[in-house]
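Working notes, beginning with the structure itself.
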Amino acid sequence: MPGISKSQRLLTKRDFDATLDSQQNGTGVKIVCRDFVLVASPPAADRPARLGLIVSRKVGNSVVRNRVKRCVREYFRNELVSQQPLNGCNLVVIARPSLVNQEGRVKDDIQGSLKHCADRLLKKLSGPSKSCP
RNA sequence: ACAGUCUAGUGGGCUGCCGCUGGUGAGAGUCGCAAGAUUCAAACUGGAGGAAAGUCCGGACUCCACAGGGCAGGAUGCUGGCUAACGGCCAGGCGGGGGAACCCGACGGAAAGUGCAACAGAGAGUAAACCGCCAACCCGACGUGAUUUAUCACGGCGGCGGUAAGGGUGAAACGGUGAGGUAAGAGCUCACCAGCAGUCCUGGUAACAGGCUGGCUCGGCAAACCCCAUCCGGAGCAAGACCAAACAGAGGAAGGUUUUGGUCACAAGUAAAGGUAACUUUGCGAGUGAUCAAACGAACGUCGGCUCGACGUCUCCCGGGUAGGUCGCUUGAGGUGAUUGGUAACAAUCCACCCAGAUGAAUGGCAGCCUCCGUUCGCUUGCGAACGAAGACAGAAUCCGGCUUAAAGCUGGUCUGCCAAG
């Protein structure tokens, strides 16, 4: 995956399931936007955040799906890894079919749309952490 | 140059920064007595396509099955060649289309059998008779005439009958044209043509072509069943092989060891006494063995009066095997450039070259510049600017040979036609 080494990815089905289950039992955080769904597990160890991607065939053919994944990874590498609230989290990003416009092309401001979602996630994550200490 | 035809190639380039992944790996850490194992890692270097796609054929490879043969089922279907093989390719034949270059064709069998043919039409298969055409015989009513007064003759009409040339229907109607022939007609006869047959002749490896001879006119559909010929075992890299936590099941083995203390036996040695001495006696006694007790450890618990035995737990070994990992995994029917053979597909020989190997799945992101194309605008009409994801189709997943489908541009070559010019 571009931008992210293996230690920063979710590699097994177990990791994905654990992350997705965490938001169902209330410990994780879930953000739903028009183009993305973000799910973050509670921070575990003292290590960088890890990213998992889910892009279904509904989004498009393999060229389109690859393009979406690369854009998300690049944004994760450049912007999200350095964010303190995400340390130790497992983050799963689910792309939604609205990412692709009617001509079958990926939208240009995919990173802008993702930034909008991520900001909401960071706000929600840092909120309780401030109140805890 | 225009319109076409066939065919080959290409599928942006350069630079910077930040990344991902395979290989090599300076060096560093951890574990280990060591051998080694393992983690991190600078630097260098490889990293999508012509279709990687559809998964439609054919193979390689792997596992399973398999004496041999047949049936069923499937695929293919002009001939010859190429190939590992093919439903592919090349060359040829035949049929069809086009003015031509050229293109298209499941292109074996309908005289083995079964079956099918909408609508229209008279008739759709051992054909049929609607409009037509038609001499005689026969039948009917009518008319005219004759007389033997209920018969005869003649006439047209109708029926019976003959006919399949013409009209009409259809995708298709039992050869075509001409002549003879006839009541009218008809392969009824003849000539030519078309088709058919032949143990014929010539050319060709063959499909087939040309000829000769013969009699004859026998419809279509096999992408309907079917017949004939040829080929085909099944599943697939999530194949399969290996390592292996956990784990259940099954088989085997050990079932005792250590420490402390007591008692007994043996005992190296040592001390004392006696003896001139050899030595004798007594005491102490490391250590060894047996047994008892306790502790640790697990050989303990349950069944049983006890032994044998059974079961459970525990230890070790063998075999199985999930998670996970390693291999398979990319050097191959590979390929550059020559030469030779062949019309060609292709083959042979020599020779550079090594060219993705991921696995929640890399091959990218952001800038800048240069050309290409499109759209819009401006005007100096061939230049400038802006915009468009360099802009189409599209992303390797065991590997090859094909086929099919998708698609912006750009570049070359072959041949054909036509106007004008030379």
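Residue numbering restarts at 1 in every chain; chains get A, B, ... in the order shown in the structure tokens, and ligands count up from 1 in that same order.
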Handout entry: Residues of chain B within 9 Å of chain A, only C-alpha atoms (C1' of nucleotides) counted, as a list in words
Key =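 So the contacting residues turn out to be C18, G19, C20, U21, G360, A361, A362, G364, G365, A389, A394 and G395 of chain B.
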Just-selected residues, C-alpha atoms (C1' of nucleotides) written as a PDB file, in the first residue's frame:
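Dumped everything to again-v7.pdb:
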```pdb
ATOM      1  C1'   C B  18       7.408  12.285  -0.280  1.00  0.00           C
ATOM      2  C1'   G B  19       5.994   6.959  -0.217  1.00  0.00           C
ATOM      3  C1'   C B  20       4.826   1.305  -1.191  1.00  0.00           C
ATOM      4  C1'   U B  21       6.559  -3.595  -2.658  1.00  0.00           C
ATOM      5  C1'   G B 360      -7.079  -6.991   3.488  1.00  0.00           C
ATOM      6  C1'   A B 361      -3.322  -7.731  -1.998  1.00  0.00           C
ATOM      7  C1'   A B 362       2.630  -3.150  -4.079  1.00  0.00           C
ATOM      8  C1'   G B 364       1.523   5.489  -6.224  1.00  0.00           C
ATOM      9  C1'   G B 365       0.795  10.955  -4.471  1.00  0.00           C
ATOM     10  C1'   A B 389      -7.270  13.051 -14.508  1.00  0.00           C
ATOM     11  C1'   A B 394      -8.836  -0.572 -18.625  1.00  0.00           C
ATOM     12  C1'   G B 395      -5.200  -3.010 -13.033  1.00  0.00           C
TER      13        G B 395
END
```
Handout entry: Backbone DSSP call of helix (DSSP H, G or I) for region 6-127 of chain A, listed as a ChimeraX atom specification
Key = /A:6-8,13-24,62-80,84-86,97-99,110-127
Output of the above residues as a PDB file, in the first residue's frame, restricted to C-alpha atoms:
```pdb
ATOM      1  CA  LYS A   6       2.704  -3.167   6.967  1.00  0.00           C
ATOM      2  CA  SER A   7       2.839  -2.207  10.625  1.00  0.00           C
ATOM      3  CA  GLN A   8       0.358   0.579   9.928  1.00  0.00           C
ATOM      4  CA  LYS A  13      -9.961 -10.434   9.092  1.00  0.00           C
ATOM      5  CA  ARG A  14      -9.664 -10.593  12.880  1.00  0.00           C
ATOM      6  CA  ASP A  15      -8.451  -6.994  13.017  1.00  0.00           C
ATOM      7  CA  PHE A  16     -11.241  -5.769  10.821  1.00  0.00           C
ATOM      8  CA  ASP A  17     -13.892  -7.624  12.770  1.00  0.00           C
ATOM      9  CA  ALA A  18     -12.549  -6.372  16.076  1.00  0.00           C
ATOM     10  CA  THR A  19     -12.636  -2.786  14.875  1.00  0.00           C
ATOM     11  CA  LEU A  20     -16.119  -3.014  13.435  1.00  0.00           C
ATOM     12  CA  ASP A  21     -17.409  -4.802  16.523  1.00  0.00           C
ATOM     13  CA  SER A  22     -15.966  -2.140  18.775  1.00  0.00           C
ATOM     14  CA  GLN A  23     -18.313   0.526  17.464  1.00  0.00           C
ATOM     15  CA  GLN A  24     -21.269  -1.800  17.904  1.00  0.00           C
ATOM     16  CA  SER A  62     -10.816  -2.237 -10.200  1.00  0.00           C
ATOM     17  CA  VAL A  63      -9.170   0.850 -11.649  1.00  0.00           C
ATOM     18  CA  VAL A  64     -11.585   3.102  -9.810  1.00  0.00           C
ATOM     19  CA  ARG A  65     -11.313   1.131  -6.582  1.00  0.00           C
ATOM     20  CA  ASN A  66      -7.527   1.270  -6.666  1.00  0.00           C
ATOM     21  CA  ARG A  67      -7.645   5.003  -7.215  1.00  0.00           C
ATOM     22  CA  VAL A  68      -9.919   5.532  -4.235  1.00  0.00           C
ATOM     23  CA  LYS A  69      -7.688   3.426  -2.006  1.00  0.00           C
ATOM     24  CA  ARG A  70      -4.557   5.287  -3.015  1.00  0.00           C
ATOM     25  CA  CYS A  71      -6.121   8.644  -2.346  1.00  0.00           C
ATOM     26  CA  VAL A  72      -7.292   7.595   1.107  1.00  0.00           C
ATOM     27  CA  ARG A  73      -3.918   6.087   1.991  1.00  0.00           C
ATOM     28  CA  GLU A  74      -2.101   9.172   0.862  1.00  0.00           C
ATOM     29  CA  TYR A  75      -4.313  11.365   3.008  1.00  0.00           C
ATOM     30  CA  PHE A  76      -3.836   9.022   5.958  1.00  0.00           C
ATOM     31  CA  ARG A  77      -0.074   9.120   5.540  1.00  0.00           C
ATOM     32  CA  ASN A  78       0.159  12.877   5.179  1.00  0.00           C
ATOM     33  CA  GLU A  79      -2.439  14.077   7.643  1.00  0.00           C
ATOM     34  CA  LEU A  80      -3.833  11.509  10.034  1.00  0.00           C
ATOM     35  CA  GLN A  84      -2.415  12.506  18.618  1.00  0.00           C
ATOM     36  CA  PRO A  85      -5.999  11.287  19.303  1.00  0.00           C
ATOM     37  CA  LEU A  86      -5.601   8.534  16.758  1.00  0.00           C
ATOM     38  CA  PRO A  97     -20.639   4.499  -4.170  1.00  0.00           C
ATOM     39  CA  SER A  98     -21.401   8.227  -4.166  1.00  0.00           C
ATOM     40  CA  LEU A  99     -17.683   8.810  -4.601  1.00  0.00           C
ATOM     41  CA  ILE A 110     -11.972  13.115  -2.702  1.00  0.00           C
ATOM     42  CA  GLN A 111      -9.390  14.246  -0.191  1.00  0.00           C
ATOM     43  CA  GLY A 112     -11.476  17.277   0.737  1.00  0.00           C
ATOM     44  CA  SER A 113     -14.455  15.065   1.373  1.00  0.00           C
ATOM     45  CA  LEU A 114     -12.344  12.744   3.470  1.00  0.00           C
ATOM     46  CA  LYS A 115     -10.912  15.668   5.426  1.00  0.00           C
ATOM     47  CA  HIS A 116     -14.427  16.744   6.317  1.00  0.00           C
ATOM     48  CA  CYS A 117     -15.129  13.298   7.773  1.00  0.00           C
ATOM     49  CA  ALA A 118     -11.811  12.990   9.523  1.00  0.00           C
ATOM     50  CA  ASP A 119     -12.208  16.335  11.237  1.00  0.00           C
ATOM     51  CA  ARG A 120     -15.479  15.195  12.720  1.00  0.00           C
ATOM     52  CA  LEU A 121     -13.840  11.977  13.865  1.00  0.00           C
ATOM     53  CA  LEU A 122     -10.958  13.799  15.520  1.00  0.00           C
ATOM     54  CA  LYS A 123     -13.340  16.132  17.286  1.00  0.00           C
ATOM     55  CA  LYS A 124     -15.339  13.240  18.633  1.00  0.00           C
ATOM     56  CA  LEU A 125     -12.226  11.343  19.699  1.00  0.00           C
ATOM     57  CA  SER A 126     -10.511  14.237  21.428  1.00  0.00           C
ATOM     58  CA  GLY A 127     -13.680  15.310  23.211  1.00  0.00           C
TER      59      GLY A 127
END
```
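Of the residues under consideration (A:Val100, A:Leu51, A:Leu91, A:Ser56), A:Leu91 shows the shortest atom-to-atom contact distance to Ile31 (chain A) when counting only C-alpha atoms.
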Handout entry: Spatial neighbours of C190 (chain B), 12 Å, only C-alpha atoms (C1' of nucleotides), chain gap at least 3 places, as a PyMOL selection string
Key = chain B and resi 178-181+187
Would you mind exporting the chosen residues as an mmCIF file, in the first residue's frame, restricted to N, CA and C atoms (P, O5', C5', C4', C3', O3' and C1' of nucleotides)?
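New file out-v1.cif:
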```cif
data_model
loop_
_atom_site.group_PDB
_atom_site.id
_atom_site.type_symbol
_atom_site.label_atom_id
_atom_site.label_comp_id
_atom_site.auth_asym_id
_atom_site.auth_seq_id
_atom_site.Cartn_x
_atom_site.Cartn_y
_atom_site.Cartn_z
ATOM 1 P P G B 178 -38.167 -19.723 -75.187
ATOM 2 O "O5'" G B 178 -37.652 -20.547 -76.449
ATOM 3 C "C5'" G B 178 -36.933 -19.868 -77.482
ATOM 4 C "C4'" G B 178 -36.320 -20.839 -78.460
ATOM 5 C "C3'" G B 178 -37.278 -21.724 -79.226
ATOM 6 O "O3'" G B 178 -37.909 -21.046 -80.307
ATOM 7 C "C1'" G B 178 -35.467 -23.020 -78.440
ATOM 8 P P A B 179 -39.355 -21.533 -80.788
ATOM 9 O "O5'" A B 179 -39.045 -22.938 -81.456
ATOM 10 C "C5'" A B 179 -38.378 -22.988 -82.726
ATOM 11 C "C4'" A B 179 -38.015 -24.410 -83.094
ATOM 12 C "C3'" A B 179 -39.171 -25.380 -83.301
ATOM 13 O "O3'" A B 179 -39.796 -25.225 -84.572
ATOM 14 C "C1'" A B 179 -37.515 -26.408 -81.974
ATOM 15 P P G B 180 -41.355 -25.537 -84.726
ATOM 16 O "O5'" G B 180 -41.398 -27.124 -84.578
ATOM 17 C "C5'" G B 180 -40.901 -27.967 -85.619
ATOM 18 C "C4'" G B 180 -40.742 -29.396 -85.135
ATOM 19 C "C3'" G B 180 -42.026 -30.177 -84.909
ATOM 20 O "O3'" G B 180 -42.585 -30.695 -86.104
ATOM 21 C "C1'" G B 180 -40.523 -30.527 -83.093
ATOM 22 P P G B 181 -44.178 -30.731 -86.285
ATOM 23 O "O5'" G B 181 -44.679 -31.580 -85.044
ATOM 24 C "C5'" G B 181 -44.471 -33.000 -84.994
ATOM 25 C "C4'" G B 181 -44.887 -33.532 -83.639
ATOM 26 C "C3'" G B 181 -46.344 -33.295 -83.272
ATOM 27 O "O3'" G B 181 -47.176 -34.322 -83.799
ATOM 28 C "C1'" G B 181 -44.974 -32.616 -81.473
ATOM 29 P P G B 187 -41.734 -30.033 -71.002
ATOM 30 O "O5'" G B 187 -41.197 -31.512 -71.289
ATOM 31 C "C5'" G B 187 -40.777 -32.327 -70.218
ATOM 32 C "C4'" G B 187 -40.551 -33.740 -70.695
ATOM 33 C "C3'" G B 187 -40.117 -34.699 -69.607
ATOM 34 O "O3'" G B 187 -40.559 -36.024 -69.896
ATOM 35 C "C1'" G B 187 -38.423 -34.544 -71.226
#
```
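Each of B:C284, B:C103, B:C82, B:C201 was checked against C6 (chain B) using only C-alpha atoms (C1' of nucleotides); the smallest atom-to-atom distance is that of B:C103.
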Practice task
Record the distance separating C1' of G49 (chain B) and C1' of U5 (chain B), expressed in Å with one decimal.
Solution key: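 If I compute the distance from C1' of G49 (chain B) to C1' of U5 (chain B), I get 29.4 Å.
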Practice task
Name all residues at most 12 Å from G115 (chain B) (count only C-alpha atoms (C1' of nucleotides); drop same-chain ones fewer than 6 positions away) and give them as a list in words.
Solution key: C221, A222, A224, C225 and C226 of chain B
Okay, now the selection with N, CA and C atoms (P, O5', C5', C4', C3', O3' and C1' of nucleotides), as a compact mmCIF listing (two decimals), in the first residue's frame?
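Writing the result to out_14.txt gives the following:
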```txt
# COMPACT_ATOMS: atom_id res chain seq x y z
P C B 221 -31.07 -27.40 -47.75
O5' C B 221 -31.73 -27.37 -46.30
C5' C B 221 -31.99 -26.12 -45.66
C4' C B 221 -32.76 -26.35 -44.37
C3' C B 221 -32.08 -27.26 -43.35
O3' C B 221 -31.11 -26.56 -42.59
C1' C B 221 -34.38 -27.82 -43.56
P A B 222 -29.60 -27.06 -42.60
O5' A B 222 -29.68 -28.38 -41.73
C5' A B 222 -30.22 -28.36 -40.41
C4' A B 222 -29.83 -29.61 -39.67
C3' A B 222 -28.32 -29.78 -39.46
O3' A B 222 -27.93 -29.08 -38.30
C1' A B 222 -29.33 -31.84 -40.14
P A B 224 -31.69 -25.66 -35.97
O5' A B 224 -32.26 -26.91 -35.20
C5' A B 224 -31.99 -28.23 -35.64
C4' A B 224 -33.02 -29.13 -35.03
C3' A B 224 -32.55 -30.55 -34.76
O3' A B 224 -31.83 -30.64 -33.55
C1' A B 224 -34.63 -30.60 -35.86
P C B 225 -30.51 -31.54 -33.47
O5' C B 225 -31.13 -32.98 -33.23
C5' C B 225 -31.89 -33.24 -32.06
C4' C B 225 -32.75 -34.47 -32.22
C3' C B 225 -32.00 -35.78 -32.48
O3' C B 225 -31.43 -36.34 -31.31
C1' C B 225 -33.83 -35.61 -33.96
P C B 226 -29.93 -36.86 -31.37
O5' C B 226 -29.90 -37.74 -32.69
C5' C B 226 -30.53 -39.01 -32.73
C4' C B 226 -30.67 -39.49 -34.15
C3' C B 226 -29.41 -40.04 -34.78
O3' C B 226 -29.18 -41.38 -34.39
C1' C B 226 -30.49 -38.59 -36.32
```
Exercise for the section: Rounded to one decimal place, report the C1' of C107 (chain B)-C1' of A229 (chain B) distance in Å. Expected result: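 We find that C1' of C107 (chain B) and C1' of A229 (chain B) lie 15.8 Å from each other.
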Handout entry: Residue neighbourhood A111 (chain B), 12 Å, only C-alpha atoms (C1' of nucleotides), exclusion window fewer than 6 positions, as a PyMOL selection string
Key = chain B and resi 196-197+218
Handout entry: Members of region 64-119 of chain A assigned strand (DSSP E or B) by DSSP, as a list in words
Key =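 Filtering region 64-119 of chain A down to strand (DSSP E or B) leaves Asn90, Leu91, Val92, Val93, Ile94, Ala95, Val100 and Val106 of chain A.
The two atoms in question, C1' of U336 (chain B) and C1' of G401 (chain B), are spaced 20.8 Å apart.
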Handout entry: Shell around A65 (chain B) at 12 Å using only C-alpha atoms (C1' of nucleotides), local window under 5 positions removed, as a PyMOL selection string
Key = chain B and resi 233-235
Could you write out the selected residues, including C-alpha atoms (C1' of nucleotides), as a CSV table (one decimal), in the first residue's frame?
```csv
chain,number,residue,atom,x,y,z
B,233,G,C1',-11.3,-39.6,-17.3
B,234,G,C1',-12.4,-35.9,-13.1
B,235,A,C1',-11.1,-31.6,-10.3
```
Show which residues sit within 12 Å of U291 (chain B), as a PDB file with N, CA and C atoms (P, O5', C5', C4', C3', O3' and C1' of nucleotides), in the first residue's frame. Count only C-alpha atoms (C1' of nucleotides), and ignore same-chain residues fewer than 4 positions away.
```
ATOM      1  P     G B 262      20.716 -39.786  61.812  1.00  0.00           P
ATOM      2  O5'   G B 262      19.737 -40.983  62.135  1.00  0.00           O
ATOM      3  C5'   G B 262      18.970 -40.990  63.336  1.00  0.00           C
ATOM      4  C4'   G B 262      17.987 -42.132  63.371  1.00  0.00           C
ATOM      5  C3'   G B 262      18.589 -43.525  63.251  1.00  0.00           C
ATOM      6  O3'   G B 262      19.149 -43.972  64.464  1.00  0.00           O
ATOM      7  C1'   G B 262      16.679 -43.364  61.869  1.00  0.00           C
ATOM      8  P     U B 263      20.519 -44.844  64.436  1.00  0.00           P
ATOM      9  O5'   U B 263      19.959 -46.239  63.916  1.00  0.00           O
ATOM     10  C5'   U B 263      19.043 -47.000  64.710  1.00  0.00           C
ATOM     11  C4'   U B 263      18.522 -48.212  63.969  1.00  0.00           C
ATOM     12  C3'   U B 263      19.608 -49.145  63.420  1.00  0.00           C
ATOM     13  O3'   U B 263      20.138 -50.009  64.412  1.00  0.00           O
ATOM     14  C1'   U B 263      17.973 -48.764  61.765  1.00  0.00           C
ATOM     15  P     C B 264      21.707 -50.440  64.273  1.00  0.00           P
ATOM     16  O5'   C B 264      21.685 -51.465  63.049  1.00  0.00           O
ATOM     17  C5'   C B 264      21.013 -52.719  63.186  1.00  0.00           C
ATOM     18  C4'   C B 264      20.919 -53.440  61.856  1.00  0.00           C
ATOM     19  C3'   C B 264      22.256 -53.729  61.172  1.00  0.00           C
ATOM     20  O3'   C B 264      22.914 -54.868  61.719  1.00  0.00           O
ATOM     21  C1'   C B 264      20.713 -52.879  59.591  1.00  0.00           C
ATOM     22  P     A B 265      24.536 -54.858  61.642  1.00  0.00           P
ATOM     23  O5'   A B 265      24.830 -55.192  60.107  1.00  0.00           O
ATOM     24  C5'   A B 265      24.502 -56.465  59.561  1.00  0.00           C
ATOM     25  C4'   A B 265      24.725 -56.499  58.065  1.00  0.00           C
ATOM     26  C3'   A B 265      26.145 -56.146  57.587  1.00  0.00           C
ATOM     27  O3'   A B 265      27.016 -57.251  57.698  1.00  0.00           O
ATOM     28  C1'   A B 265      24.575 -54.965  56.288  1.00  0.00           C
TER      29        A B 265
END
```
